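**Q** This one is protein-v2.pdb, PDB, C-alpha atoms.
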ATOM      1  CA  MET I   1       0.000   0.000   0.000
ATOM      2  CA  VAL I   2       2.718   2.438   1.024
ATOM      3  CA  ALA I   3       4.722   1.208  -1.952
ATOM      4  CA  LEU I   4       1.838   2.109  -4.261
ATOM      5  CA  LEU I   5       1.633   5.576  -2.720
ATOM      6  CA  PHE I   6       5.386   5.975  -3.123
ATOM      7  CA  ILE I   7       5.217   5.030  -6.799
ATOM      8  CA  LEU I   8       2.270   7.359  -7.382
ATOM      9  CA  PHE I   9       3.837  10.408  -5.744
ATOM     10  CA  ALA I  10       7.350   9.699  -7.009
ATOM     11  CA  GLY I  11       5.979   9.489 -10.547
ATOM     12  CA  MET I  12       4.092  12.718 -10.013
ATOM     13  CA  ALA I  13       7.208  14.448  -8.661
ATOM     14  CA  ILE I  14       9.430  13.296 -11.534
ATOM     15  CA  GLY I  15       6.783  14.119 -14.131
ATOM     16  CA  CYS I  16       6.258  17.611 -12.748
ATOM     17  CA  ALA I  17      10.019  18.185 -12.492
ATOM     18  CA  ILE I  18      10.599  17.183 -16.121
ATOM     19  CA  SER I  19       7.655  19.322 -17.163
ATOM     20  CA  MET I  20       9.193  22.269 -15.297
ATOM     21  CA  VAL I  21      12.478  21.963 -17.163
ATOM     22  CA  ALA I  22      10.715  21.412 -20.493
ATOM     23  CA  GLN I  23       8.378  24.404 -20.179
ATOM     24  CA  ARG I  24       9.479  27.516 -21.998
ATOM     25  CA  ASN I  25       7.057  29.779 -20.181
ATOM     26  CA  PRO I  26       8.326  30.399 -16.612
ATOM     27  CA  LEU I  27       4.781  30.667 -15.261
ATOM     28  CA  TYR I  28       3.916  27.124 -16.356
ATOM     29  CA  GLY I  29       7.267  26.048 -14.916
ATOM     30  CA  ALA I  30       6.301  27.588 -11.579
ATOM     31  CA  ILE I  31       2.994  25.709 -11.562
ATOM     32  CA  SER I  32       4.817  22.441 -12.323
ATOM     33  CA  LEU I  33       7.214  23.178  -9.471
ATOM     34  CA  ILE I  34       4.243  23.549  -7.128
ATOM     35  CA  GLY I  35       3.220  20.051  -8.255
ATOM     36  CA  VAL I  36       6.671  18.765  -7.264
ATOM     37  CA  PHE I  37       6.382  20.393  -3.839
ATOM     38  CA  ILE I  38       2.938  18.936  -3.211
ATOM     39  CA  SER I  39       4.008  15.412  -4.175
ATOM     40  CA  LEU I  40       7.111  15.712  -1.994
ATOM     41  CA  ALA I  41       4.869  16.756   0.902
ATOM     42  CA  CYS I  42       2.809  13.588   0.345
ATOM     43  CA  LEU I  43       6.035  11.541   0.359
ATOM     44  CA  TYR I  44       7.008  13.121   3.681
ATOM     45  CA  VAL I  45       3.699  11.919   5.082
ATOM     46  CA  THR I  46       4.499   8.366   3.965
ATOM     47  CA  LEU I  47       7.851   8.781   5.770
ATOM     48  CA  ALA I  48       5.997   9.598   9.017
ATOM     49  CA  ALA I  49       7.095  13.256   9.017
ATOM     50  CA  PRO I  50       3.840  15.223   9.286
ATOM     51  CA  PHE I  51       5.458  18.426  10.545
ATOM     52  CA  ILE I  52       7.877  18.669   7.626
ATOM     53  CA  ALA I  53       5.027  17.871   5.216
ATOM     54  CA  ALA I  54       2.955  20.743   6.591
ATOM     55  CA  VAL I  55       5.897  23.155   6.524
ATOM     56  CA  GLN I  56       6.682  22.061   2.972
ATOM     57  CA  VAL I  57       3.194  23.042   1.828
ATOM     58  CA  ILE I  58       3.085  26.268   3.826
ATOM     59  CA  VAL I  59       6.606  27.596   3.202
ATOM     60  CA  TYR I  60       7.474  26.222  -0.217
ATOM     61  CA  ALA I  61       4.179  25.831  -2.060
ATOM     62  CA  GLY I  62       2.768  28.796  -0.181
ATOM     63  CA  ALA I  63       5.239  31.553   0.549
ATOM     64  CA  ILE I  64       8.160  30.969  -1.811
ATOM     65  CA  MET I  65       6.127  30.093  -4.885
ATOM     66  CA  VAL I  66       3.771  33.022  -4.345
ATOM     67  CA  LEU I  67       6.845  35.246  -4.330
ATOM     68  CA  VAL I  68       8.161  33.665  -7.537
ATOM     69  CA  VAL I  69       4.821  33.896  -9.341
ATOM     70  CA  PHE I  70       4.483  37.492  -8.165
ATOM     71  CA  VAL I  71       7.869  38.378  -9.652
ATOM     72  CA  ILE I  72       7.028  36.581 -12.905
ATOM     73  CA  MET I  73       3.814  38.594 -13.178
ATOM     74  CA  LEU I  74       5.558  41.834 -12.202
ATOM     75  CA  LEU I  75       8.345  41.514 -14.745
ATOM     76  CA  ASN I  76       6.187  40.418 -17.687
ATOM     77  CA  VAL I  77       8.551  37.567 -18.562
ATOM     78  CA  GLU I  78       8.657  36.469 -22.167
ATOM     79  CA  GLU I  79       9.030  32.864 -23.326
ATOM     80  CA  GLU I  80      12.627  31.808 -23.708
ATOM     81  CA  GLU I  81      14.087  30.089 -26.711
ATOM     82  CA  TRP I  82      16.418  27.126 -26.456
ATOM     83  CA  PRO I  83      20.125  27.925 -26.677
ATOM     84  CA  THR I  84      21.654  27.255 -30.050
ATOM     85  CA  ARG I  85      25.346  27.679 -29.356
ATOM     86  CA  MET I  86      27.714  24.904 -28.263
ATOM     87  CA  ARG I  87      25.657  22.183 -29.945
ATOM     88  CA  SER I  88      28.867  20.250 -30.581
ATOM     89  CA  LEU I  89      29.213  19.517 -26.860
ATOM     90  CA  VAL I  90      26.010  17.441 -26.724
ATOM     91  CA  PRO I  91      27.705  14.018 -27.286
ATOM     92  CA  ILE I  92      30.246  14.706 -24.545
ATOM     93  CA  ALA I  93      27.421  15.733 -22.246
ATOM     94  CA  VAL I  94      25.578  12.476 -22.938
ATOM     95  CA  VAL I  95      28.698  10.426 -22.107
ATOM     96  CA  LEU I  96      29.307  12.344 -18.881
ATOM     97  CA  ALA I  97      25.668  11.939 -17.883
ATOM     98  CA  ALA I  98      25.941   8.169 -18.424
ATOM     99  CA  VAL I  99      29.049   8.045 -16.205
ATOM    100  CA  LEU I 100      27.278  10.023 -13.479
ATOM    101  CA  PHE I 101      24.234   7.768 -13.698
ATOM    102  CA  ALA I 102      26.436   4.653 -13.402
ATOM    103  CA  GLU I 103      28.119   6.084 -10.298
ATOM    104  CA  ALA I 104      24.755   6.872  -8.697
ATOM    105  CA  ALA I 105      23.410   3.394  -9.456
ATOM    106  CA  PHE I 106      26.568   1.860  -7.962
ATOM    107  CA  ILE I 107      26.144   3.805  -4.719
ATOM    108  CA  ILE I 108      22.434   3.057  -4.498
ATOM    109  CA  TYR I 109      23.171  -0.645  -4.990
ATOM    110  CA  PHE I 110      25.432  -0.615  -1.936
ATOM    111  CA  VAL I 111      22.924   1.304   0.151
ATOM    112  CA  GLN I 112      20.350  -1.309  -0.729
ATOM    113  CA  ALA I 113      22.746  -4.043   0.376
ATOM    114  CA  SER I 114      23.034  -2.500   3.850
ATOM    115  CA  PRO I 115      20.346  -3.322   6.423
ATOM    116  CA  SER I 116      17.683  -0.723   7.046
ATOM    117  CA  THR I 117      15.311  -0.421   9.935
ATOM    118  CA  PRO I 118      11.586  -0.372   9.194
ATOM    119  CA  THR I 119       9.740   2.882   9.766
ATOM    120  CA  ARG I 120       6.406   1.448  10.713
ATOM    121  CA  ASN I 121       7.199   0.978  14.412
ATOM    122  CA  ILE I 122       5.840   3.523  16.813
ATOM    123  CA  SER I 123       8.253   6.411  17.296
ATOM    124  CA  ASP I 124       7.917  10.093  18.003
ATOM    125  CA  VAL I 125      10.443  11.131  15.351
ATOM    126  CA  GLY I 126       8.803  13.625  13.031
ATOM    127  CA  LEU I 127       6.175  14.833  15.454
ATOM    128  CA  THR I 128       6.074  18.557  16.098
ATOM    129  CA  SER I 129       6.923  18.167  19.775
ATOM    130  CA  SER I 130      10.113  16.192  19.174
ATOM    131  CA  ILE I 131      11.248  18.648  16.470
ATOM    132  CA  GLY I 132      10.552  21.579  18.762
ATOM    133  CA  ALA I 133      12.443  19.922  21.627
ATOM    134  CA  GLY I 134      15.407  19.309  19.316
ATOM    135  CA  LEU I 135      15.401  22.869  18.000
ATOM    136  CA  PHE I 136      15.417  24.442  21.440
ATOM    137  CA  THR I 137      17.924  22.129  23.136
ATOM    138  CA  THR I 138      20.578  20.398  21.029
ATOM    139  CA  TYR I 139      20.309  22.677  18.007
ATOM    140  CA  LEU I 140      19.684  25.983  19.741
ATOM    141  CA  LEU I 141      22.739  27.701  18.212
ATOM    142  CA  PRO I 142      21.862  26.813  14.579
ATOM    143  CA  PHE I 143      18.325  27.956  15.299
ATOM    144  CA  GLU I 144      19.535  31.360  16.506
ATOM    145  CA  ILE I 145      21.906  31.678  13.546
ATOM    146  CA  THR I 146      18.934  30.966  11.291
ATOM    147  CA  SER I 147      17.101  33.929  12.770
ATOM    148  CA  ILE I 148      20.110  36.167  12.077
ATOM    149  CA  LEU I 149      20.153  34.848   8.519
ATOM    150  CA  LEU I 150      16.494  35.788   8.091
ATOM    151  CA  LEU I 151      17.194  39.269   9.440
ATOM    152  CA  MET I 152      20.044  39.687   6.954
ATOM    153  CA  ALA I 153      17.750  38.500   4.161
ATOM    154  CA  VAL I 154      15.133  41.101   5.107
ATOM    155  CA  VAL I 155      17.720  43.903   5.122
ATOM    156  CA  GLY I 156      19.286  42.646   1.871
ATOM    157  CA  ALA I 157      15.967  42.399   0.063
ATOM    158  CA  MET I 158      15.032  45.927   1.139
ATOM    159  CA  THR I 159      18.401  47.302   0.059
ATOM    160  CA  LEU I 160      18.138  45.637  -3.333
ATOM    161  CA  ALA I 161      14.546  46.638  -3.934
ATOM    162  CA  ARG I 162      14.785  50.272  -2.849
ATOM    163  CA  THR I 163      15.090  52.812  -5.604
ATOM    164  CA  GLY I 164      16.836  55.432  -3.523
ATOM    165  CA  GLY I 165      14.289  57.237  -1.381
ATOM    166  CA  LEU I 166      11.323  59.505  -2.020
ATOM    167  CA  LEU I 167       9.383  59.150  -5.215
ATOM    168  CA  PRO I 168       9.386  62.555  -6.994
ATOM    169  CA  PRO I 169      12.776  63.048  -8.682
ATOM    170  CA  ARG I 170      13.829  59.464  -8.273
ATOM    171  CA  ALA I 171      10.851  57.466  -9.516
ATOM    172  CA  VAL I 172      11.815  54.325 -11.390
ATOM    173  CA  VAL I 173       9.590  52.989 -14.123
ATOM    174  CA  VAL I 174       9.567  49.280 -14.763
ATOM    175  CA  PRO I 175      10.313  49.039 -18.496
ATOM    176  CA  GLY I 176       7.276  48.699 -20.723
ATOM    177  CA  HIS I 177       4.559  51.074 -21.815
ATOM    178  CA  GLN I 178       2.443  52.387 -18.991
ATOM    179  CA  VAL I 179       0.251  55.247 -17.908
ATOM    180  CA  LEU I 180       1.308  57.011 -14.713
ATOM    181  CA  ALA I 181      -0.516  59.528 -12.571
ATOM    182  CA  ARG I 182       1.403  62.801 -12.812
ATOM    183  CA  ASP I 183       0.803  63.990  -9.271
ATOM    184  CA  VAL I 184       2.292  60.808  -7.817
ATOM    185  CA  LEU I 185       5.593  61.417  -9.594
ATOM    186  CA  ASP I 186       5.737  65.194  -9.340
ATOM    187  CA  PRO I 187       4.521  67.022  -6.213
ATOM    188  CA  ARG I 188       4.423  70.316  -8.148
ATOM    189  CA  ALA I 189       1.600  68.949 -10.322
ATOM    190  CA  VAL I 190      -0.993  68.200  -7.681
ATOM    191  CA  ASN I 191      -3.752  69.913  -9.662
ATOM    192  CA  ASP I 192      -2.712  68.543 -13.050
ATOM    193  CA  PRO I 193      -4.775  65.439 -13.801
ATOM    194  CA  GLU I 194      -3.028  64.725 -17.120
ATOM    195  CA  PRO I 195      -1.478  61.210 -16.905
ATOM    196  CA  ILE I 196       2.022  60.440 -18.213
ATOM    197  CA  HIS I 197       2.514  57.905 -21.000
ATOM    198  CA  ALA I 198       6.043  56.557 -20.861
ATOM    199  CA  ARG I 199       8.156  53.472 -21.387
ATOM    200  CA  THR I 200      11.318  54.162 -19.385
ATOM    201  CA  THR I 201      12.558  56.185 -16.460
ATOM    202  CA  ALA I 202      14.381  58.544 -18.811
ATOM    203  CA  GLU I 203      11.152  59.351 -20.656
ATOM    204  CA  VAL I 204       9.344  60.152 -17.439
ATOM    205  CA  GLU I 205      12.180  62.420 -16.361
ATOM    206  CA  LYS I 206      12.069  64.183 -19.708
ATOM    207  CA  ILE I 207       8.327  64.785 -19.476
ATOM    208  CA  LEU I 208       8.645  66.084 -15.933
ATOM    209  CA  GLY I 209      11.632  68.245 -16.861
ATOM    210  CA  ILE I 210      13.920  66.771 -14.213
ATOM    211  CA  GLU I 211      16.666  65.379 -16.443
ATOM    212  CA  GLY I 212      20.030  65.482 -14.756
ATOM    213  CA  VAL I 213      18.552  66.057 -11.314
ATOM    214  CA  PRO I 214      20.340  63.815  -8.801
ATOM    215  CA  HIS I 215      18.234  60.855  -7.837
ATOM    216  CA  VAL I 216      18.799  61.170  -4.116
ATOM    217  CA  SER I 217      19.036  64.035  -1.724
ATOM    218  CA  ASP I 218      21.137  62.305   0.907
ATOM    219  CA  GLU I 219      24.646  62.872  -0.380
ATOM    220  CA  ASP I 220      26.219  59.619   0.727
ATOM    221  CA  LEU I 221      23.719  57.530  -1.216
ATOM    222  CA  SER I 222      23.705  59.548  -4.405
ATOM    223  CA  GLU I 223      26.352  57.777  -6.466
ATOM    224  CA  ARG I 224      25.221  54.281  -5.654
ATOM    225  CA  SER I 225      21.549  54.991  -6.270
ATOM    226  CA  VAL I 226      22.149  56.629  -9.599
ATOM    227  CA  ARG I 227      24.048  53.569 -10.651
ATOM    228  CA  ILE I 228      21.226  51.278  -9.520
ATOM    229  CA  LEU I 229      18.781  53.336 -11.532
TER     230      LEU I 229
ATOM    231  CA  MET T   1       6.200  -4.606   0.179
ATOM    232  CA  THR T   2       7.252  -1.423   1.864
ATOM    233  CA  PRO T   3       9.431   1.259   0.274
ATOM    234  CA  GLN T   4      13.131   0.873   0.989
ATOM    235  CA  LEU T   5      15.513   3.663   1.850
ATOM    236  CA  SER T   6      17.153   3.265  -1.543
ATOM    237  CA  TRP T   7      13.879   4.101  -3.312
ATOM    238  CA  TYR T   8      13.779   7.498  -1.685
ATOM    239  CA  LEU T   9      17.471   8.084  -2.361
ATOM    240  CA  ALA T  10      17.006   7.156  -6.016
ATOM    241  CA  LEU T  11      14.039   9.524  -6.346
ATOM    242  CA  SER T  12      16.056  12.265  -4.697
ATOM    243  CA  ALA T  13      18.966  11.674  -7.076
ATOM    244  CA  VAL T  14      16.633  11.855 -10.064
ATOM    245  CA  LEU T  15      15.068  15.101  -8.871
ATOM    246  CA  PHE T  16      18.479  16.620  -8.124
ATOM    247  CA  THR T  17      19.725  15.653 -11.571
ATOM    248  CA  ILE T  18      16.690  17.211 -13.225
ATOM    249  CA  GLY T  19      17.421  20.368 -11.247
ATOM    250  CA  VAL T  20      21.065  20.414 -12.355
ATOM    251  CA  VAL T  21      20.052  19.890 -15.972
ATOM    252  CA  GLY T  22      17.575  22.735 -15.650
ATOM    253  CA  VAL T  23      20.188  25.142 -14.269
ATOM    254  CA  LEU T  24      22.547  24.197 -17.082
ATOM    255  CA  ILE T  25      20.148  24.444 -20.026
ATOM    256  CA  LYS T  26      17.859  27.261 -18.937
ATOM    257  CA  ARG T  27      18.687  30.822 -19.939
ATOM    258  CA  ASN T  28      15.934  32.584 -18.042
ATOM    259  CA  VAL T  29      17.136  33.597 -14.587
ATOM    260  CA  ILE T  30      13.774  32.925 -12.934
ATOM    261  CA  SER T  31      13.664  29.395 -14.386
ATOM    262  CA  MET T  32      17.205  28.791 -13.098
ATOM    263  CA  PHE T  33      16.110  30.015  -9.694
ATOM    264  CA  MET T  34      13.244  27.517  -9.668
ATOM    265  CA  CYS T  35      15.613  24.695 -10.636
ATOM    266  CA  ILE T  36      17.780  25.581  -7.619
ATOM    267  CA  GLU T  37      14.685  25.288  -5.443
ATOM    268  CA  LEU T  38      14.093  21.843  -6.937
ATOM    269  CA  MET T  39      17.635  20.771  -5.994
ATOM    270  CA  LEU T  40      17.139  21.993  -2.418
ATOM    271  CA  ASN T  41      13.986  19.902  -2.241
ATOM    272  CA  ALA T  42      15.774  16.806  -3.515
ATOM    273  CA  VAL T  43      18.303  17.185  -0.694
ATOM    274  CA  ASN T  44      15.469  17.684   1.793
ATOM    275  CA  LEU T  45      13.987  14.378   0.676
ATOM    276  CA  THR T  46      17.223  12.526   1.499
ATOM    277  CA  PHE T  47      17.338  14.221   4.914
ATOM    278  CA  VAL T  48      13.777  13.194   5.750
ATOM    279  CA  ALA T  49      14.278   9.661   4.407
ATOM    280  CA  PHE T  50      17.427   9.084   6.476
ATOM    281  CA  SER T  51      15.803  10.673   9.520
ATOM    282  CA  SER T  52      12.794   8.410   9.209
ATOM    283  CA  PHE T  53      14.708   5.198   8.523
ATOM    284  CA  PHE T  54      17.321   5.700  11.240
ATOM    285  CA  ARG T  55      14.775   7.212  13.658
ATOM    286  CA  ASP T  56      16.881  10.267  14.361
ATOM    287  CA  VAL T  57      15.135  13.617  14.511
ATOM    288  CA  SER T  58      18.265  15.619  13.529
ATOM    289  CA  GLY T  59      17.579  15.145   9.817
ATOM    290  CA  GLN T  60      14.217  16.832  10.057
ATOM    291  CA  LEU T  61      15.720  19.712  12.033
ATOM    292  CA  PHE T  62      18.149  20.281   9.212
ATOM    293  CA  VAL T  63      15.287  20.209   6.718
ATOM    294  CA  PHE T  64      13.734  22.998   8.749
ATOM    295  CA  ILE T  65      16.953  25.018   8.518
ATOM    296  CA  VAL T  66      17.310  24.310   4.786
ATOM    297  CA  MET T  67      13.779  25.639   4.277
ATOM    298  CA  THR T  68      14.703  28.822   6.137
ATOM    299  CA  VAL T  69      17.756  29.256   3.926
ATOM    300  CA  ALA T  70      15.551  28.696   0.873
ATOM    301  CA  ALA T  71      13.136  31.383   2.027
ATOM    302  CA  ALA T  72      15.989  33.847   2.606
ATOM    303  CA  GLU T  73      17.441  32.923  -0.770
ATOM    304  CA  ALA T  74      14.072  33.526  -2.420
ATOM    305  CA  ALA T  75      13.789  37.015  -0.929
ATOM    306  CA  VAL T  76      17.329  38.109  -1.815
ATOM    307  CA  GLY T  77      17.436  36.249  -5.143
ATOM    308  CA  LEU T  78      14.214  37.753  -6.406
ATOM    309  CA  GLY T  79      15.424  41.184  -5.284
ATOM    310  CA  ILE T  80      18.564  40.689  -7.381
ATOM    311  CA  ILE T  81      16.444  39.503 -10.320
ATOM    312  CA  ILE T  82      14.319  42.647 -10.141
ATOM    313  CA  ALA T  83      17.461  44.815  -9.946
ATOM    314  CA  ILE T  84      18.923  43.075 -13.021
ATOM    315  CA  PHE T  85      15.666  43.509 -14.929
ATOM    316  CA  ARG T  86      15.555  47.225 -14.069
ATOM    317  CA  ASN T  87      19.038  47.702 -15.471
ATOM    318  CA  ARG T  88      19.063  45.472 -18.512
ATOM    319  CA  GLU T  89      15.359  45.067 -19.324
ATOM    320  CA  SER T  90      16.064  41.385 -19.881
ATOM    321  CA  LEU T  91      16.078  38.220 -17.793
ATOM    322  CA  ASP T  92      18.486  36.323 -20.033
ATOM    323  CA  VAL T  93      21.605  35.353 -18.084
ATOM    324  CA  ASP T  94      23.724  35.759 -21.216
ATOM    325  CA  ASP T  95      22.867  39.474 -21.123
ATOM    326  CA  ALA T  96      24.156  39.730 -17.563
ATOM    327  CA  SER T  97      27.560  38.112 -18.028
ATOM    328  CA  THR T  98      29.510  40.841 -16.221
ATOM    329  CA  LEU T  99      29.371  41.278 -12.468
ATOM    330  CA  ARG T 100      28.621  44.975 -12.801
ATOM    331  CA  LEU T 101      25.052  45.857 -12.008
TER     332      LEU T 101
END
So, in terms of C-alpha cells, how does the structure I just supplied come out?

**A**
Amino acid sequence: MVALLFILFAGMAIGCAISMVAQRNPLYGAISLIGVFISLACLYVTLAAPFIAAVQVIVYAGAIMVLVVFVIMLLNVEEEEWPTRMRSLVPIAVVLAAVLFAEAAFIIYFVQASPSTPTRNISDVGLTSSIGAGLFTTYLLPFEITSILLLMAVVGAMTLARTGGLLPPRAVVVPGHQVLARDVLDPRAVNDPEPIHARTTAEVEKILGIEGVPHVSDEDLSERSVRIL
Amino acid sequence: MTPQLSWYLALSAVLFTIGVVGVLIKRNVISMFMCIELMLNAVNLTFVAFSSFFRDVSGQLFVFIVMTVAAAEAAVGLGIIIAIFRNRESLDVDDASTLRL
C-alpha cells in the first residue's frame, strides 16, 4: 500500500520536475514546481514526518512560490528560446551523464545491500513536539543563527529593492509602456490630472523636466543609487 | 512490500539531476532560480528519508533550517532579479555576463 503511494507520488514528482524543465514559459514552470512540492509533501507523510510535510506546503508551495509567481507577473517575462550555441558539446554531455548515472546506481546498490530499519514501528520522530524539543535544546545555536540569517535576508531584500528614497525626482519605471498619474511622480503637479505615457525612467524624467537632477538628496547615497537606476 | 531507503534516495537523485540539468540548459534567470529550489527539495527528501529510517530527529531539524535558507534565498534572489531587470530590461543570463550591475 505504502509502496503504491510511493510510486504514485514519485511518478508525479518526476513528471512535474521534467515538465518544469521542459516548459518555456516560466509561469507554467512555476505551476509544475508547485506540483513537485505537493508530491514531496505527500512523500514526507508516507515517511511519518507530518510536521515537515505541513511546513513544505506552507513555506514552499505557499510563501516561496507566491513570491516567484508574483515576480514573474511583475516583470512580464517572455518565453525563452532554447540555446543554439555549443551544440557540438552534446555528445560529450551524454557520455558524462551516463558516467554520473552509473556512479549513482553503484552507490544506491550498496545502500540497498546495507540493512535498514523499518519505519512502521511507533516512534515520536517527526512529530512537532520532538522537532521543537530538538530545536530548542541540542540545536539551539543553529536555530539562533537561522534567525540572524532571516534578518540579513530582510535587510538585503530591502536594500536591493529600494530605488533610492522619495518618489518625486527618483521614480523608477519598470520598463514597458504604462500610464502614470502625474501627481504621484511630481509634487508640483498636484492639480494637473493629465497622466504620463512613458516606457522608461528617462522618458518620465524628460516629461517632468527633471533630467540630470540627482536621484537622491542624501549625499552619501547619491552615487550608488544613480548607478542602480 | 514497503518502500526501501534506496527508493527514496534514487528519487532524490533523479530530482536533483533534473534540477542540475535545468540550471545548465535554462537561460531565463527565474527558471534557473526555480531549478535551484528543486535541488534543495531533492536534498530535503534525502534528509527526511534518512531521519525516518534511522529514527533520528536531527535530519528533520536540518530540513527545517534548509527551508529557512531557501526562504531567505528567495527574498534576496528575487530582489537581485528585479534589480537586473531594471538595469538590462532582460532576464536572459547571457545578457548579464559581467558582475557589474

**Q** Any idea what's packed within 12 Å of Ala49 in chain I, counting only C-alpha atoms, ignoring anything in its chain fewer than 2 positions away? Could you give it as a ChimeraX atom specification?

**A** /I:40-47,51-56,119-120,123-131 /T:44-45,47-53,55-57,59-61,63-64

**Q** When you draw a straight line from CA of Met67 in chain T to CA of Thr46 in chain T, how long is it in Å?

**A** 13.8 Å

**Q** Near range 18-25 of chain I, within 9 Å and counting all atoms listed in the file, which residues show up once chain neighbours fewer than 5 positions away are dropped, as a PyMOL selection string?

**A** (chain I and resi 13+30-33+77-82) or (chain T and resi 15+18-19+21-23+25-26+31+34-35)

**Q** So how many Å separate CA of Ala161 in chain I and CA of Gly35 in chain I, to one decimal?

**A**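 CA of Gly35 in chain I lies at a distance of 29.2 Å from CA of Ala161 in chain I.
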
**Q** Expand the PyMOL selection byres ((chain T and resi 12) around 8) into the explicit residue set it covers here, and present it as a list in words.

**A** Tyr8, Leu9, Ala10, Leu11, Ala13, Val14, Leu15, Phe16, Ala42, Val43, Leu45 and Thr46 of chain T

**Q** Between CA of Tyr139 in chain I and CA of Phe62 in chain T, what is the distance in Å, rounded to a tenth?

**A**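 About the pair CA of Tyr139 in chain I and CA of Phe62 in chain T: they are 9.4 Å apart.
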
**Q** Tell me which of T:Leu38, T:Val29, T:Met1, T:Ala74 sits closest to Asp94 in chain T, counting only C-alpha atoms.

**A**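 Counting only C-alpha atoms, the residue closest to Asp94 in chain T is T:Val29.
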